[in-house]
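Structure file coords_7.cif (mmCIF, C-alpha atoms) is printed below.
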data_data
loop_
_atom_site.label_atom_id
_atom_site.label_comp_id
_atom_site.auth_asym_id
_atom_site.auth_seq_id
_atom_site.Cartn_x
_atom_site.Cartn_y
_atom_site.Cartn_z
CA MET A 1 -16.69 1.85 -12.69
CA LYS A 2 -15.01 -1.44 -11.80
CA ILE A 3 -11.55 -1.79 -10.26
CA LYS A 4 -10.36 -3.96 -13.15
CA SER A 5 -10.68 -0.99 -15.52
CA LEU A 6 -8.22 1.09 -13.45
CA MET A 7 -5.84 -1.32 -11.73
CA THR A 8 -2.26 -2.00 -12.71
CA SER A 9 -1.83 -5.64 -13.62
CA PRO A 10 -0.22 -8.07 -13.08
CA ALA A 11 0.80 -7.57 -9.46
CA VAL A 12 4.52 -7.81 -8.79
CA THR A 13 5.02 -9.71 -5.52
CA VAL A 14 7.63 -10.82 -3.02
CA GLN A 15 7.79 -13.41 -0.27
CA SER A 16 8.58 -12.59 3.35
CA SER A 17 11.91 -14.44 3.14
CA ASP A 18 13.15 -12.36 0.17
CA SER A 19 15.81 -9.75 0.86
CA LEU A 20 14.90 -6.08 1.04
CA ALA A 21 17.49 -5.56 -1.71
CA HIS A 22 15.42 -7.79 -3.98
CA ALA A 23 12.22 -5.94 -3.01
CA ALA A 24 13.85 -2.56 -3.68
CA HIS A 25 15.07 -3.83 -7.05
CA LEU A 26 11.52 -4.88 -8.00
CA LEU A 27 10.09 -1.54 -6.88
CA TRP A 28 12.63 0.31 -9.01
CA ASN A 29 12.27 -1.88 -12.10
CA HIS A 30 8.47 -1.81 -12.02
CA ASP A 31 8.18 1.87 -11.04
CA CYS A 32 5.89 1.17 -8.10
CA GLY A 33 5.84 2.00 -4.41
CA THR A 34 4.49 -1.17 -2.84
CA LEU A 35 4.61 -4.93 -3.23
CA PRO A 36 2.11 -7.48 -1.98
CA VAL A 37 3.85 -10.08 0.16
CA VAL A 38 2.57 -13.55 -0.68
CA ASP A 39 2.81 -16.87 1.15
CA LYS A 40 3.82 -20.17 -0.43
CA GLU A 41 0.28 -20.60 -1.83
CA GLY A 42 0.46 -17.14 -3.43
CA ARG A 43 -2.03 -15.46 -1.06
CA VAL A 44 -1.48 -11.87 0.06
CA GLY A 45 -0.72 -11.68 3.76
CA ALA A 46 1.25 -8.44 4.03
CA MET A 47 2.49 -5.41 2.12
CA VAL A 48 5.92 -3.79 1.91
CA THR A 49 6.46 -0.22 0.70
CA ASP A 50 9.47 1.77 -0.40
CA ARG A 51 9.11 3.73 2.85
CA ASP A 52 9.08 0.51 4.91
CA ILE A 53 12.35 -0.49 3.26
CA CYS A 54 14.01 2.88 3.91
CA VAL A 55 12.95 2.96 7.55
CA ALA A 56 14.12 -0.63 8.12
CA ALA A 57 17.54 0.16 6.66
CA TRP A 58 17.88 3.40 8.61
CA SER A 59 16.67 2.00 11.92
CA THR A 60 18.88 -1.10 11.83
CA GLY A 61 21.95 0.35 10.13
CA LYS A 62 22.16 -2.82 8.04
CA PRO A 63 22.43 -3.10 4.25
CA LEU A 64 19.27 -4.12 2.41
CA ALA A 65 20.80 -7.44 1.40
CA ALA A 66 21.10 -8.35 5.10
CA LEU A 67 17.43 -7.64 5.83
CA ARG A 68 14.37 -9.69 4.87
CA VAL A 69 10.99 -8.44 3.71
CA GLN A 70 9.54 -9.83 6.96
CA ASP A 71 11.72 -7.29 8.84
CA ALA A 72 9.87 -4.37 7.25
CA MET A 73 6.46 -5.50 5.98
CA SER A 74 3.11 -4.38 7.32
CA LYS A 75 0.87 -7.29 8.22
CA SER A 76 -2.20 -5.09 8.04
CA VAL A 77 -3.63 -5.62 4.56
CA VAL A 78 -6.70 -3.96 3.09
CA SER A 79 -7.59 -5.46 -0.28
CA ILE A 80 -10.21 -5.16 -3.00
CA ARG A 81 -11.56 -7.38 -5.79
CA ALA A 82 -11.34 -6.61 -9.50
CA GLU A 83 -15.15 -6.69 -9.84
CA ASP A 84 -15.71 -4.25 -6.95
CA ASP A 85 -16.76 -0.67 -7.59
CA VAL A 86 -14.15 2.08 -7.49
CA GLY A 87 -16.23 3.81 -4.80
CA LEU A 88 -15.54 0.94 -2.41
CA ALA A 89 -11.81 1.19 -3.11
CA VAL A 90 -11.85 4.95 -2.52
CA ASP A 91 -13.65 4.47 0.79
CA ARG A 92 -11.17 1.81 1.92
CA MET A 93 -8.14 3.84 0.85
CA ALA A 94 -9.41 6.91 2.70
CA MET A 95 -10.46 5.02 5.82
CA HIS A 96 -7.15 3.19 6.15
CA GLN A 97 -5.01 6.08 4.84
CA VAL A 98 -3.30 3.99 2.17
CA HIS A 99 -2.11 4.97 -1.29
CA ARG A 100 -2.48 1.48 -2.75
CA LEU A 101 -4.67 -1.60 -2.45
CA PRO A 102 -3.80 -5.08 -3.64
CA VAL A 103 -6.50 -6.42 -5.96
CA VAL A 104 -7.11 -10.07 -5.12
CA ASP A 105 -9.10 -12.97 -6.55
CA GLU A 106 -11.51 -15.18 -4.59
CA HIS A 107 -8.50 -17.07 -3.13
CA ASP A 108 -6.74 -13.87 -1.98
CA ARG A 109 -4.13 -14.21 -4.71
CA PRO A 110 -3.04 -10.87 -6.19
CA VAL A 111 -4.19 -10.00 -9.69
CA GLY A 112 -3.18 -6.34 -9.63
CA VAL A 113 -2.78 -3.21 -7.54
CA LEU A 114 -4.99 -0.12 -7.47
CA SER A 115 -3.10 3.03 -6.57
CA LEU A 116 -3.96 6.64 -5.93
CA ASN A 117 -1.95 7.32 -9.10
CA ASP A 118 -4.33 5.07 -11.07
CA LEU A 119 -7.28 7.12 -9.78
CA ALA A 120 -5.59 10.45 -10.45
CA ARG A 121 -4.52 9.57 -14.00
CA ARG A 122 -8.14 8.81 -14.93
CA GLY A 123 -9.48 11.67 -12.83
CA ASP A 124 -8.60 14.29 -15.41
CA LYS A 125 -11.01 12.61 -17.86
CA ASP A 126 -13.67 11.78 -15.27
CA PRO A 127 -14.39 14.71 -12.91
CA GLN A 128 -16.25 12.51 -10.42
CA LEU A 129 -13.30 10.12 -10.20
CA GLY A 130 -10.94 13.08 -9.87
CA LYS A 131 -12.99 14.34 -6.94
CA ARG A 132 -12.83 10.90 -5.29
CA ALA A 133 -9.05 10.74 -5.84
CA LEU A 134 -8.75 14.09 -4.09
CA GLN A 135 -10.74 12.69 -1.13
CA VAL A 136 -8.25 9.82 -0.84
CA MET A 137 -5.33 12.22 -1.08
CA ALA A 138 -6.75 14.40 1.70
CA ALA A 139 -7.27 11.35 3.93
CA VAL A 140 -3.84 9.90 3.22
CA CYS A 141 -2.16 13.23 3.93
CA ARG A 142 -3.67 13.64 7.40
CA LEU A 143 -0.98 13.65 10.04
CA ARG A 144 -0.94 10.66 12.37
CA SER A 145 -1.45 13.08 15.25
CA GLU A 146 -4.77 14.15 13.66
CA THR A 147 -6.06 10.59 13.65
CA MET A 148 -4.76 9.44 17.05
CA PRO A 149 -6.89 9.36 20.18
CA PRO A 150 -5.95 12.19 22.63
CA ALA A 151 -3.99 9.90 24.99
CA GLN A 152 -1.80 8.64 22.15
CA ARG A 153 -1.25 12.19 20.88
CA THR A 154 0.18 13.16 24.26
CA LEU A 155 2.55 10.17 24.24
CA ALA A 156 3.59 10.80 20.63
CA SER A 157 4.37 14.46 21.27
CA ALA A 158 6.31 13.55 24.42
CA GLY A 159 8.34 11.07 22.36
CA ALA A 160 9.02 13.71 19.73
CA ALA A 161 10.25 16.12 22.39
CA VAL A 162 12.62 13.46 23.76
CA ALA A 163 13.90 12.68 20.24
CA ASP A 164 14.72 16.34 19.57
#

Spit out the file's structure as structure tokens when you get a sec.
Amino acid sequence: MKIKSLMTSPAVTVQSSDSLAHAAHLLWNHDCGTLPVVDKEGRVGAMVTDRDICVAAWSTGKPLAALRVQDAMSKSVVSIRAEDDVGLAVDRMAMHQVHRLPVVDEHDRPVGVLSLNDLARRGDKDPQLGKRALQVMAAVCRLRSETMPPAQRTLASAGAAVAD
């Protein structure tokens, strides 16, 4: 099965200079959890999630209108093409522990987004796809401490103890 048969399209996007208030408004109006961040040529270079926005607001104590997308976005982007097989998307989502992948064209411009929700909604009609969606869910739900090297786990738990 090809990505284009499952993805949500078109992709709703923001630019890094947009306010987080604008990004939150788009997320709410389009009932989605992530937005591809595009440059002036329309290429995806980052992603911003609803969680990124909440953490940025909480950690800075500033209103969303005073913060920019660039203050919260993740510059690590894993993408997929509309003609790629769903299996490749599932593998990428699981490996990178992400719920959503921007679907891009040959110029890295977004044409849609493939989400875990897209997989799950079709999974009830396609048992194999449902099984793959469950694999992504299991990977995404792993705790960071389960995926960290031992040295980082020690530092992370020490930081948690200090924060308590």

Skip stretch 46-59 of chain A itself and residues of its chain fewer than 3 positions away, then list as a count of residues only all residues within 7 Å of it, counting only C-alpha atoms.
16

Go through the shown structure with the PyMOL selection byres ((chain A and resi 89-100) around 7) and write out the matching residues as a ChimeraX atom specification.
/A:80,85-88,101-102,113-116,132,136,139-140

Can you work out which one of A:Asp126, A:Asp105, A:Asp118, A:Glu41 has the shortest atom-to-atom distance to A:Arg81, counting only C-alpha atoms?
A:Asp105

Would you write out, as a VMD selection string, every residue that the PyMOL selection byres ((chain A and resi 83) around 7) captures in this file?
chain A and resid 2 to 4 81 to 82 84 to 85

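Proximity to A:Val44 was assessed for A:Ser79, A:Thr8, A:Asn117, A:Gln135 counting only C-alpha atoms; the smallest distance is recorded for A:Ser79.
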
A:Val14, A:Val104, A:Met7, A:Val111 ranked by distance to A:Lys40, top pick (using all atoms listed in the file)
A:Val14
